[in-house]
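S.K.: So here's start_22.cif (mmCIF, C-alpha atoms).
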data_start
#
loop_
_atom_site.group_PDB
_atom_site.id
_atom_site.type_symbol
_atom_site.label_atom_id
_atom_site.label_comp_id
_atom_site.auth_asym_id
_atom_site.auth_seq_id
_atom_site.Cartn_x
_atom_site.Cartn_y
_atom_site.Cartn_z
ATOM 1 C CA MET A 1 142.002 108.093 92.956
ATOM 2 C CA CYS A 2 144.926 107.183 90.688
ATOM 3 C CA ARG A 3 146.326 108.343 87.356
ATOM 4 C CA LYS A 4 147.768 105.941 84.821
ATOM 5 C CA LYS A 5 151.233 107.466 85.200
ATOM 6 C CA GLN A 6 151.164 106.770 88.929
ATOM 7 C CA LEU A 7 151.312 103.050 88.188
ATOM 8 C CA TRP A 8 154.997 103.612 87.381
ATOM 9 C CA ASN A 9 155.967 105.076 90.747
ATOM 10 C CA LEU A 10 158.270 102.187 91.681
ATOM 11 C CA ALA A 11 161.398 101.393 93.645
ATOM 12 C CA LEU A 12 163.762 98.776 92.116
ATOM 13 C CA VAL A 13 166.439 97.129 94.274
ATOM 14 C CA TYR A 14 169.428 95.675 92.386
ATOM 15 C CA SER A 15 172.149 93.754 94.248
ATOM 16 C CA GLY A 16 174.470 92.957 91.348
ATOM 17 C CA ASN A 17 177.863 94.599 90.930
ATOM 18 C CA ASP A 18 177.661 95.161 87.183
ATOM 19 C CA PRO A 19 175.104 97.509 85.584
ATOM 20 C CA VAL A 20 172.257 95.761 83.823
ATOM 21 C CA SER A 21 169.830 96.908 81.157
ATOM 22 C CA VAL A 22 166.214 95.967 81.978
ATOM 23 C CA MET A 23 162.632 96.463 80.801
ATOM 24 C CA ILE A 24 159.532 96.458 82.991
ATOM 25 C CA GLY A 25 156.267 94.779 82.029
ATOM 26 C CA LEU A 26 152.935 95.578 83.677
ATOM 27 C CA THR A 27 149.656 93.678 83.598
ATOM 28 C CA LEU A 28 146.685 95.371 85.278
ATOM 29 C CA VAL A 29 143.919 92.908 86.178
ATOM 30 C CA ASP A 30 140.344 93.762 87.200
ATOM 31 C CA ILE A 31 139.848 91.422 90.157
ATOM 32 C CA THR A 32 136.039 91.483 89.781
ATOM 33 C CA GLY A 33 136.246 89.212 86.758
ATOM 34 C CA ASN A 34 139.964 88.361 87.000
ATOM 35 C CA GLN A 35 140.455 89.756 83.504
ATOM 36 C CA PRO A 36 143.385 91.901 82.305
ATOM 37 C CA VAL A 37 142.404 95.449 81.334
ATOM 38 C CA LEU A 38 145.806 96.561 80.038
ATOM 39 C CA THR A 39 149.407 95.435 79.530
ATOM 40 C CA ALA A 40 152.423 97.698 79.106
ATOM 41 C CA TYR A 41 156.158 97.543 78.459
ATOM 42 C CA THR A 42 158.675 100.273 79.164
ATOM 43 C CA ARG A 43 161.710 101.341 77.211
ATOM 44 C CA PRO A 44 165.037 99.919 78.454
ATOM 45 C CA LEU A 45 166.656 101.487 81.528
ATOM 46 C CA THR A 46 169.930 100.769 83.301
ATOM 47 C CA LEU A 47 170.129 99.580 86.884
ATOM 48 C CA THR A 48 173.160 99.893 89.079
ATOM 49 C CA LYS A 49 173.699 98.401 92.500
ATOM 50 C CA GLY A 50 171.358 99.818 95.104
ATOM 51 C CA VAL A 51 167.841 101.274 95.095
ATOM 52 C CA LYS A 52 166.506 103.115 92.073
ATOM 53 C CA GLN A 53 163.366 105.218 92.401
ATOM 54 C CA ILE A 54 161.598 105.557 89.064
ATOM 55 C CA LYS A 55 158.591 107.414 87.759
ATOM 56 C CA ALA A 56 156.754 107.541 84.450
ATOM 57 C CA SER A 57 159.107 110.055 82.852
ATOM 58 C CA ASP A 58 162.086 107.701 83.486
ATOM 59 C CA ILE A 59 160.680 104.855 81.410
ATOM 60 C CA GLU A 60 158.688 106.588 78.649
ATOM 61 C CA PRO A 61 157.691 105.937 75.977
ATOM 62 C CA VAL A 62 155.583 103.063 77.253
ATOM 63 C CA ASP A 63 153.951 100.619 74.864
ATOM 64 C CA TYR A 64 150.342 100.031 76.073
ATOM 65 C CA GLN A 65 147.835 97.457 74.931
ATOM 66 C CA TYR A 66 144.223 97.804 76.134
ATOM 67 C CA PHE A 67 141.652 95.055 76.678
ATOM 68 C CA SER A 68 138.873 97.265 78.068
ATOM 69 C CA PRO A 69 137.210 100.222 76.255
ATOM 70 C CA ALA A 70 137.159 102.169 79.528
ATOM 71 C CA PHE A 71 140.960 102.049 79.675
ATOM 72 C CA GLY A 72 141.424 102.617 75.965
ATOM 73 C CA ARG A 73 139.889 106.101 76.362
ATOM 74 C CA LEU A 74 142.077 107.058 79.296
ATOM 75 C CA GLY A 75 144.975 109.035 77.859
ATOM 76 C CA ASP A 76 146.553 110.302 81.072
ATOM 77 C CA ALA A 77 143.230 110.612 82.877
ATOM 78 C CA LEU A 78 142.271 109.080 86.199
ATOM 79 C CA LEU A 79 141.851 105.320 86.268
ATOM 80 C CA PRO A 80 138.237 104.112 86.370
ATOM 81 C CA ILE A 81 136.737 103.194 89.724
ATOM 82 C CA GLY A 82 137.421 99.610 90.733
ATOM 83 C CA ASN A 83 139.684 97.074 92.441
ATOM 84 C CA PHE A 84 142.684 95.928 90.441
ATOM 85 C CA GLN A 85 145.898 93.977 90.770
ATOM 86 C CA ALA A 86 149.033 95.432 89.195
ATOM 87 C CA CYS A 87 151.570 92.722 88.356
ATOM 88 C CA TYR A 88 155.099 93.873 87.443
ATOM 89 C CA THR A 89 157.799 91.798 85.766
ATOM 90 C CA VAL A 90 161.411 92.957 85.361
ATOM 91 C CA TYR A 91 163.207 91.473 82.317
ATOM 92 C CA THR A 92 166.802 91.608 81.172
ATOM 93 C CA ASN A 93 167.044 93.591 77.940
ATOM 94 C CA GLY A 94 168.908 90.908 75.977
ATOM 95 C CA LYS A 95 169.236 91.011 72.182
ATOM 96 C CA ILE A 96 168.436 87.309 71.816
ATOM 97 C CA GLU A 97 166.199 86.475 74.783
ATOM 98 C CA ARG A 98 164.787 88.106 77.870
ATOM 99 C CA GLN A 99 165.176 86.577 81.308
ATOM 100 C CA VAL A 100 162.829 87.290 84.188
ATOM 101 C CA LEU A 101 164.696 88.903 87.067
ATOM 102 C CA SER A 102 161.765 89.638 89.388
ATOM 103 C CA GLU A 103 157.971 89.503 89.607
ATOM 104 C CA ASN A 104 155.618 91.159 92.076
ATOM 105 C CA CYS A 105 151.895 91.994 92.292
ATOM 106 C CA ILE A 106 150.251 94.731 94.369
ATOM 107 C CA PRO A 107 146.591 95.633 94.873
ATOM 108 C CA VAL A 108 145.354 98.920 93.379
ATOM 109 C CA GLU A 109 142.053 100.251 94.715
ATOM 110 C CA VAL A 110 140.649 103.274 92.895
ATOM 111 C CA GLN A 111 138.012 105.188 94.879
ATOM 112 C CA PRO A 112 136.361 108.574 94.324
ATOM 113 C CA LEU A 113 137.407 111.586 96.369
ATOM 114 C CA SER A 114 133.947 111.803 97.928
ATOM 115 C CA PRO A 115 131.107 109.246 98.140
ATOM 116 C CA PRO A 116 127.456 109.992 97.282
ATOM 117 C CA GLN A 117 125.940 112.616 99.584
ATOM 118 C CA LEU A 118 122.386 112.058 100.818
ATOM 119 C CA THR A 119 120.113 115.111 100.679
ATOM 120 C CA MET A 120 116.436 114.181 101.266
ATOM 121 C CA PRO A 121 114.895 113.085 103.576
ATOM 122 C CA THR A 122 117.311 114.757 105.958
ATOM 123 C CA ASP A 123 118.919 112.686 108.687
ATOM 124 C CA SER A 124 116.497 111.814 111.530
ATOM 125 C CA ALA A 125 113.668 113.545 109.644
ATOM 126 C CA ALA A 126 110.026 113.120 110.642
ATOM 127 C CA ILE A 127 108.039 113.236 107.408
ATOM 128 C CA GLN A 128 104.313 113.469 106.733
ATOM 129 C CA GLN A 129 104.361 111.574 103.416
ATOM 130 C CA PRO A 130 104.261 107.752 103.748
ATOM 131 C CA TRP A 131 105.740 107.496 100.222
ATOM 132 C CA PRO A 132 108.925 109.598 100.537
ATOM 133 C CA GLN A 133 111.104 110.942 97.776
ATOM 134 C CA PHE A 134 114.812 110.080 98.097
ATOM 135 C CA SER A 135 117.521 112.273 96.592
ATOM 136 C CA TRP A 136 121.313 112.468 96.742
ATOM 137 C CA LEU A 137 124.387 114.033 95.137
ATOM 138 C CA PRO A 138 126.803 112.014 92.952
ATOM 139 C CA PRO A 139 130.282 110.934 94.023
ATOM 140 C CA ALA A 140 133.143 113.150 92.894
ATOM 141 C CA PRO A 141 134.710 113.317 90.441
ATOM 142 C CA VAL A 142 132.108 111.673 88.201
ATOM 143 C CA THR A 143 134.687 111.436 85.402
ATOM 144 C CA LEU A 144 136.089 108.376 87.208
ATOM 145 C CA PHE A 145 132.985 106.418 86.220
ATOM 146 C CA ASN A 146 132.270 104.998 82.810
ATOM 147 C CA ASP A 147 129.007 103.316 83.953
ATOM 148 C CA LEU A 148 127.795 105.206 87.039
ATOM 149 C CA ASN A 149 124.682 103.762 88.677
ATOM 150 C CA TYR A 150 123.249 103.504 92.166
ATOM 151 C CA ASP A 151 121.706 100.978 94.532
ATOM 152 C CA LEU A 152 119.191 102.413 97.028
ATOM 153 C CA LEU A 153 118.452 100.451 100.203
ATOM 154 C CA VAL A 154 115.796 101.184 102.828
ATOM 155 C CA THR A 155 115.399 98.982 105.894
ATOM 156 C CA GLU A 156 113.649 99.006 109.247
ATOM 157 C CA VAL A 157 115.710 99.828 112.350
ATOM 158 C CA ARG A 158 114.854 97.688 115.361
ATOM 159 C CA GLY A 159 114.970 99.153 118.844
ATOM 160 C CA ASP A 160 118.221 97.368 119.723
ATOM 161 C CA GLN A 161 120.069 98.388 116.536
ATOM 162 C CA THR A 162 122.065 101.292 115.205
ATOM 163 C CA ALA A 163 121.199 102.561 111.731
ATOM 164 C CA GLY A 164 124.442 101.148 110.317
ATOM 165 C CA ALA A 165 123.781 97.719 111.801
ATOM 166 C CA ALA A 166 120.230 97.726 110.428
ATOM 167 C CA ILE A 167 121.455 98.384 106.873
ATOM 168 C CA GLN A 168 123.983 95.571 107.172
ATOM 169 C CA GLU A 169 121.831 92.964 108.917
ATOM 170 C CA ASN A 170 118.155 93.452 108.038
ATOM 171 C CA MET A 171 116.240 92.553 104.908
ATOM 172 C CA PRO A 172 115.476 95.720 102.899
ATOM 173 C CA VAL A 173 111.889 96.887 102.758
ATOM 174 C CA TYR A 174 112.840 98.700 99.554
ATOM 175 C CA ASN A 175 115.788 97.874 97.308
ATOM 176 C CA MET A 176 116.307 99.518 93.921
ATOM 177 C CA ARG A 177 119.269 98.599 91.716
ATOM 178 C CA ARG A 178 121.057 100.267 88.829
ATOM 179 C CA LEU A 179 119.386 103.630 89.231
ATOM 180 C CA THR A 180 120.831 106.237 86.874
ATOM 181 C CA THR A 181 119.092 109.328 88.294
ATOM 182 C CA LEU A 182 119.681 111.199 91.556
ATOM 183 C CA VAL A 183 116.039 111.049 92.655
ATOM 184 C CA ASN A 184 113.798 108.083 93.398
ATOM 185 C CA ASN A 185 110.194 108.049 94.622
ATOM 186 C CA TYR A 186 108.991 105.347 96.981
ATOM 187 C CA PRO A 187 106.145 103.865 94.902
ATOM 188 C CA SER A 188 102.559 104.086 96.111
ATOM 189 C CA SER A 189 102.148 100.472 94.989
ATOM 190 C CA ALA A 190 104.774 99.326 97.520
ATOM 191 C CA LYS A 191 104.037 98.388 101.125
ATOM 192 C CA ARG A 192 103.062 101.466 103.105
ATOM 193 C CA LEU A 193 105.763 102.514 105.572
ATOM 194 C CA ASP A 194 104.741 102.061 109.213
ATOM 195 C CA THR A 195 104.318 105.216 111.289
ATOM 196 C CA GLY A 196 105.519 103.375 114.394
ATOM 197 C CA LYS A 197 108.955 102.482 112.999
ATOM 198 C CA VAL A 198 112.306 104.113 112.199
ATOM 199 C CA TYR A 199 113.829 103.449 108.768
ATOM 200 C CA ALA A 200 117.458 103.650 107.639
ATOM 201 C CA TRP A 201 118.591 104.313 104.072
ATOM 202 C CA ARG A 202 121.829 104.337 102.102
ATOM 203 C CA VAL A 203 122.947 104.854 98.494
ATOM 204 C CA ILE A 204 125.775 102.819 96.948
ATOM 205 C CA ALA A 205 127.531 104.228 93.877
ATOM 206 C CA LYS A 206 128.699 101.598 91.401
ATOM 207 C CA ASN A 207 130.800 101.535 88.273
ATOM 208 C CA GLY A 208 128.985 98.912 86.241
ATOM 209 C CA GLU A 209 128.584 96.060 88.739
ATOM 210 C CA THR A 210 131.557 97.122 90.877
ATOM 211 C CA ASN A 211 130.818 98.836 94.192
ATOM 212 C CA ALA A 212 132.684 102.139 94.188
ATOM 213 C CA ALA A 213 131.573 104.192 97.198
ATOM 214 C CA GLN A 214 128.702 104.259 99.644
ATOM 215 C CA SER A 215 126.986 107.115 101.393
ATOM 216 C CA GLU A 216 126.424 107.573 105.088
ATOM 217 C CA VAL A 217 123.405 105.874 106.631
ATOM 218 C CA TRP A 218 120.559 108.265 107.468
ATOM 219 C CA THR A 219 117.272 107.587 109.215
ATOM 220 C CA PHE A 220 113.725 108.908 108.986
ATOM 221 C CA ARG A 221 110.285 108.126 110.348
ATOM 222 C CA VAL A 222 106.778 108.701 109.033
ATOM 223 C CA LEU A 223 104.395 110.745 111.170
ATOM 224 C CA PRO A 224 100.819 109.545 111.681
ATOM 225 C CA GLU A 225 98.288 111.232 109.471
ATOM 226 C CA LYS A 226 96.582 114.185 111.106
ATOM 227 C CA PRO A 227 92.877 113.533 111.534
ATOM 228 C CA GLU A 228 90.638 116.075 109.913
ATOM 229 C CA ARG A 229 89.423 118.595 112.422
ATOM 230 C CA PRO A 230 85.668 118.879 112.468
ATOM 231 C CA THR A 231 84.386 122.300 111.526
ATOM 232 C CA PRO A 232 83.510 124.189 114.749
ATOM 233 C CA PHE A 233 79.737 124.451 115.010
ATOM 234 C CA SER A 234 77.523 125.678 117.830
ATOM 235 C CA GLY A 235 74.217 126.072 115.978
ATOM 236 C CA SER A 236 71.267 123.782 115.446
ATOM 237 C CA TYR A 237 71.204 120.902 113.016
ATOM 238 C CA ILE A 238 68.333 120.830 110.530
ATOM 239 C CA GLU A 239 66.901 117.483 109.557
ATOM 240 C CA VAL A 240 67.083 116.338 105.954
ATOM 241 C CA LYS A 241 63.794 114.643 105.046
ATOM 242 C CA PRO A 242 62.277 112.937 102.005
ATOM 243 C CA GLY A 243 60.661 115.256 99.455
ATOM 244 C CA ASN A 244 60.936 119.011 98.847
ATOM 245 C CA ASP A 245 59.245 120.902 101.688
ATOM 246 C CA HIS A 246 59.734 124.697 101.678
ATOM 247 C CA ALA A 247 58.003 124.922 105.045
ATOM 248 C CA SER A 248 61.172 123.773 106.803
ATOM 249 C CA THR A 249 63.390 126.522 105.340
ATOM 250 C CA VAL A 250 66.038 127.548 107.874
ATOM 251 C CA ILE A 251 67.767 130.927 108.045
ATOM 252 C CA VAL A 252 71.587 130.625 108.183
ATOM 253 C CA SER A 253 73.208 133.698 109.711
ATOM 254 C CA ASP A 254 76.875 132.722 110.168
ATOM 255 C CA ASN A 255 77.537 130.884 106.875
ATOM 256 C CA MET A 256 77.644 127.563 108.758
ATOM 257 C CA LEU A 257 74.996 124.974 107.907
ATOM 258 C CA GLY A 258 74.509 121.937 110.145
ATOM 259 C CA ILE A 259 72.342 119.026 109.009
ATOM 260 C CA ARG A 260 71.148 115.735 110.492
ATOM 261 C CA TYR A 261 70.582 112.800 108.156
ATOM 262 C CA TYR A 262 69.591 109.287 109.211
ATOM 263 C CA SER A 263 70.784 106.580 106.809
ATOM 264 C CA TYR A 264 69.389 103.051 106.635
ATOM 265 C CA ASP A 265 72.110 102.004 104.185
ATOM 266 C CA SER A 266 75.494 100.518 105.023
ATOM 267 C CA ASN A 267 78.482 102.833 104.977
ATOM 268 C CA HIS A 268 79.038 104.377 101.554
ATOM 269 C CA GLU A 269 80.232 107.538 99.813
ATOM 270 C CA SER A 270 77.637 109.961 98.534
ATOM 271 C CA GLU A 271 77.601 113.184 96.517
ATOM 272 C CA ILE A 272 75.821 115.862 98.556
ATOM 273 C CA ARG A 273 74.388 118.480 96.218
ATOM 274 C CA PHE A 274 73.408 122.067 96.858
ATOM 275 C CA LEU A 275 70.668 123.330 94.503
ATOM 276 C CA ASP A 276 69.169 126.726 93.816
ATOM 277 C CA GLU A 277 65.456 127.423 93.387
ATOM 278 C CA LYS A 278 65.640 126.414 89.709
ATOM 279 C CA GLY A 279 67.060 123.022 90.633
ATOM 280 C CA GLU A 280 70.515 123.874 89.221
ATOM 281 C CA VAL A 281 73.549 122.550 91.064
ATOM 282 C CA VAL A 282 75.488 125.239 92.940
ATOM 283 C CA LYS A 283 77.992 122.907 94.579
ATOM 284 C CA GLU A 284 78.730 119.205 95.083
ATOM 285 C CA ILE A 285 80.609 117.743 98.045
ATOM 286 C CA LYS A 286 81.527 114.073 98.529
ATOM 287 C CA ARG A 287 81.062 112.710 102.057
ATOM 288 C CA THR A 288 81.124 109.278 103.680
ATOM 289 C CA ILE A 289 77.655 108.351 104.902
ATOM 290 C CA GLU A 290 77.469 105.897 107.791
ATOM 291 C CA TYR A 291 74.601 103.691 108.872
ATOM 292 C CA GLY A 292 72.490 105.541 111.437
ATOM 293 C CA ASN A 293 72.565 109.195 112.433
ATOM 294 C CA ASN A 294 74.922 111.475 110.463
ATOM 295 C CA LEU A 295 75.722 114.991 111.681
ATOM 296 C CA MET A 296 77.418 117.140 109.039
ATOM 297 C CA VAL A 297 78.565 120.753 108.989
ATOM 298 C CA PHE A 298 79.185 122.793 105.816
ATOM 299 C CA LYS A 299 80.769 126.213 105.472
ATOM 300 C CA LEU A 300 78.856 128.225 102.882
ATOM 301 C CA ASP A 301 81.117 130.276 100.622
ATOM 302 C CA ASN A 302 80.442 133.149 98.205
ATOM 303 C CA ALA A 303 78.580 130.830 95.836
ATOM 304 C CA PHE A 304 75.563 131.234 98.117
ATOM 305 C CA LYS A 305 73.780 134.599 97.758
ATOM 306 C CA LYS A 306 71.902 136.485 100.428
ATOM 307 C CA ASP A 307 68.126 135.980 100.723
ATOM 308 C CA VAL A 308 68.020 133.197 98.130
ATOM 309 C CA THR A 309 66.472 129.830 98.983
ATOM 310 C CA TYR A 310 68.726 126.811 98.468
ATOM 311 C CA PHE A 311 68.237 123.095 98.921
ATOM 312 C CA ILE A 312 70.656 120.498 100.233
ATOM 313 C CA ASP A 313 69.999 117.159 98.538
ATOM 314 C CA ILE A 314 71.184 113.682 99.582
ATOM 315 C CA THR A 315 70.386 110.625 97.478
ATOM 316 C CA ASP A 316 70.417 107.244 99.202
ATOM 317 C CA VAL A 317 71.373 103.885 97.680
ATOM 318 C CA GLN A 318 67.778 103.321 96.508
ATOM 319 C CA MET A 319 67.933 106.716 94.674
ATOM 320 C CA SER A 320 65.448 108.355 97.055
ATOM 321 C CA HIS A 321 66.028 112.077 97.645
ATOM 322 C CA TYR A 322 66.275 113.670 101.081
ATOM 323 C CA ARG A 323 66.190 117.466 101.254
ATOM 324 C CA ALA A 324 66.189 120.519 103.457
ATOM 325 C CA SER A 325 65.971 124.167 102.411
ATOM 326 C CA PHE A 326 67.848 127.155 103.823
ATOM 327 C CA ARG A 327 68.535 130.837 103.171
ATOM 328 C CA VAL A 328 71.645 132.885 103.930
ATOM 329 C CA SER A 329 70.840 136.067 105.813
ATOM 330 C CA ASN A 330 74.232 137.845 105.752
#
Mind converting the file's structure to structure tokens?
M.R.:
Amino acid sequence: MCRKKQLWNLALVYSGNDPVSVMIGLTLVDITGNQPVLTAYTRPLTLTKGVKQIKASDIEPVDYQYFSPAFGRLGDALLPIGNFQACYTVYTNGKIERQVLSENCIPVEVQPLSPPQLTMPTDSAAIQQPWPQFSWLPPAPVTLFNDLNYDLLVTEVRGDQTAGAAIQENMPVYNMRRLTTLVNNYPSSAKRLDTGKVYAWRVIAKNGETNAAQSEVWTFRVLPEKPERPTPFSGSYIEVKPGNDHASTVIVSDNMLGIRYYSYDSNHESEIRFLDEKGEVVKEIKRTIEYGNNLMVFKLDNAFKKDVTYFIDITDVQMSHYRASFRVSN
């Protein structure tokens, strides 16, 4: 972090015996494109033999010329994030011509006080969602940036690697550039993250195309999906048959209905309908029907009234109906 006035914190060494009046010129160059962003010239000052420490107040007023809009808006604010080269030239303050007494260039690297801070997923997190949401906090102070954007990198961590090495060496599995928000969702259209692997991620804050600061490297892994637990059932399964036969009506006493349905079709999804005595639909449930014997258990909720006959209806691929009837006794 650097203020414009701090560019004038200099030490001048003069070995001559007679005092000399000098001016100092400054050219600040952005090394990314090797283009000058500002030039400046001080008022005259007198040097005597020895070392002279100077600061901005010793050489003001300074005549600035700006070649970048970001610097033209500075005033005495902090310099924008970036890597620069400050080249100083000391001239004699002659009335007719100026002679160059000394030239020197020094690197000036302007970084934020704090880099981006990762927030979610937390470090070493085990997450259920295979399409995670990434979030972070901005670098500080944000006023240093005139074009703040972020690169987000996610990569696999091999068993013989640290997270930092993985980010540096491996091809990203997800790489988003020039993000302007602090949240990014891993898209469902992207390759599904593997539950058997560890992933590392990092956010890089940039000012335009210039890397400014990078976060720590955190890791996470995706947990395998939990299989659906079958509904506990200890009763008898009633068989669903073609037609509409009231003679097979079963009494359900614990609100749990078990059915057996044999399918001659290949695996497919089917809407299983529950009908009342008028043939009106009380409930519809989608289930995967497999070729062969299918055992299914349904928990009957408050939609099913006591001592009313209901039908469970399954339609096969050929649009044939298979039914069984039941009544709830409690």
S.K.: Name the residues, using the chain letters and numbers of the file, that sit within 9 Å of (76.9, 106.1, 99.9) when counting all atoms listed in the file, and give them as an NGL selection string.
M.R.: :A and (265-271 or 287-290 or 315-317)
S.K.: List the neighbours of region 90-104 of chain A out to 9 Å using only C-alpha atoms; skip same-chain residues closer than 6 positions along the sequence, and give me the result as number ranges by chain.
M.R.: A: 20-25, 44-45
S.K.: Let's have the selection written as a CSV table (one decimal), keeping the file's coordinate frame, with C-alpha atoms.
M.R.:
chain,number,residue,atom,x,y,z
A,20,VAL,CA,172.3,95.8,83.8
A,21,SER,CA,169.8,96.9,81.2
A,22,VAL,CA,166.2,96.0,82.0
A,23,MET,CA,162.6,96.5,80.8
A,24,ILE,CA,159.5,96.5,83.0
A,25,GLY,CA,156.3,94.8,82.0
A,44,PRO,CA,165.0,99.9,78.5
A,45,LEU,CA,166.7,101.5,81.5
S.K.: Out of A:Lys206, A:Arg221, A:Lys278, A:Arg178, which residue has the shortest atom-to-atom distance to Thr155 (chain A) when counting only C-alpha atoms?
M.R.: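 Using only C-alpha atoms, Thr155 (chain A) sits closest to A:Arg221.
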S.K.: Let me make sure I understand: among A:Glu280, A:Phe145, A:Gly243, A:Asn293, which one has the smallest atom-to-atom distance to Tyr262 (chain A) if we use only C-alpha atoms?
M.R.: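 Ranked by minimum distance to Tyr262 (chain A), first place goes to A:Asn293.
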S.K.: Could you jot down the CA of Lys191 (chain A) to CA of Ala125 (chain A) separation for me, Å, one decimal place?
M.R.: 19.9 Å
S.K.: Which residues are near region 209-213 of chain A? Cut-off 12 Å, all atoms listed in the file, ignore same chain within fewer than 3 positions. Put them as number ranges by chain.
M.R.: A: 1, 30-33, 80-84, 109-117, 138-142, 144-151, 177-179, 202-206, 216
S.K.: In Å to one decimal, how far is CA of Trp136 (chain A) from CA of Met120 (chain A)?
M.R.: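 Between CA of Met120 (chain A) and CA of Trp136 (chain A) the gap is 6.9 Å.
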S.K.: What does the distance between CA of Trp201 (chain A) and CA of Leu153 (chain A) come to in Å, to one decimal place?
M.R.: 5.5 Å
S.K.: Evaluate the PyMOL selection byres ((chain A and resi 223) around 10) here and jot the selected residues down as a VMD selection string.
M.R.: chain A and resid 125 to 130 194 to 197 220 to 222 224 to 226
S.K.: Could you state which residues are captured by the PyMOL selection byres ((chain A and resi 60-64) around 8) in this file, as a PyMOL selection string?
M.R.: chain A and resi 38-43+56-59+65-66
S.K.: List the residues selected by the PyMOL selection byres ((chain A and resi 240) around 10) in the file shown, writing them as a list in words.
M.R.: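 Against this file, the PyMOL selection byres ((chain A and resi 240) around 10) returns the residues Tyr237, Ile238, Glu239, Lys241, Pro242, Gly243, Asn244, Ser248, Ile259, Arg260, Tyr261, Tyr262, Phe311, Ile312, Asp313, Ile314, His321, Tyr322, Arg323, Ala324 and Ser325 of chain A.
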S.K.: Using all atoms listed in the file, which of A:Ala303, A:Leu295, A:Val108, A:Val13 sits nearest Phe233 (chain A)?
M.R.: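 Closest candidate: A:Leu295.
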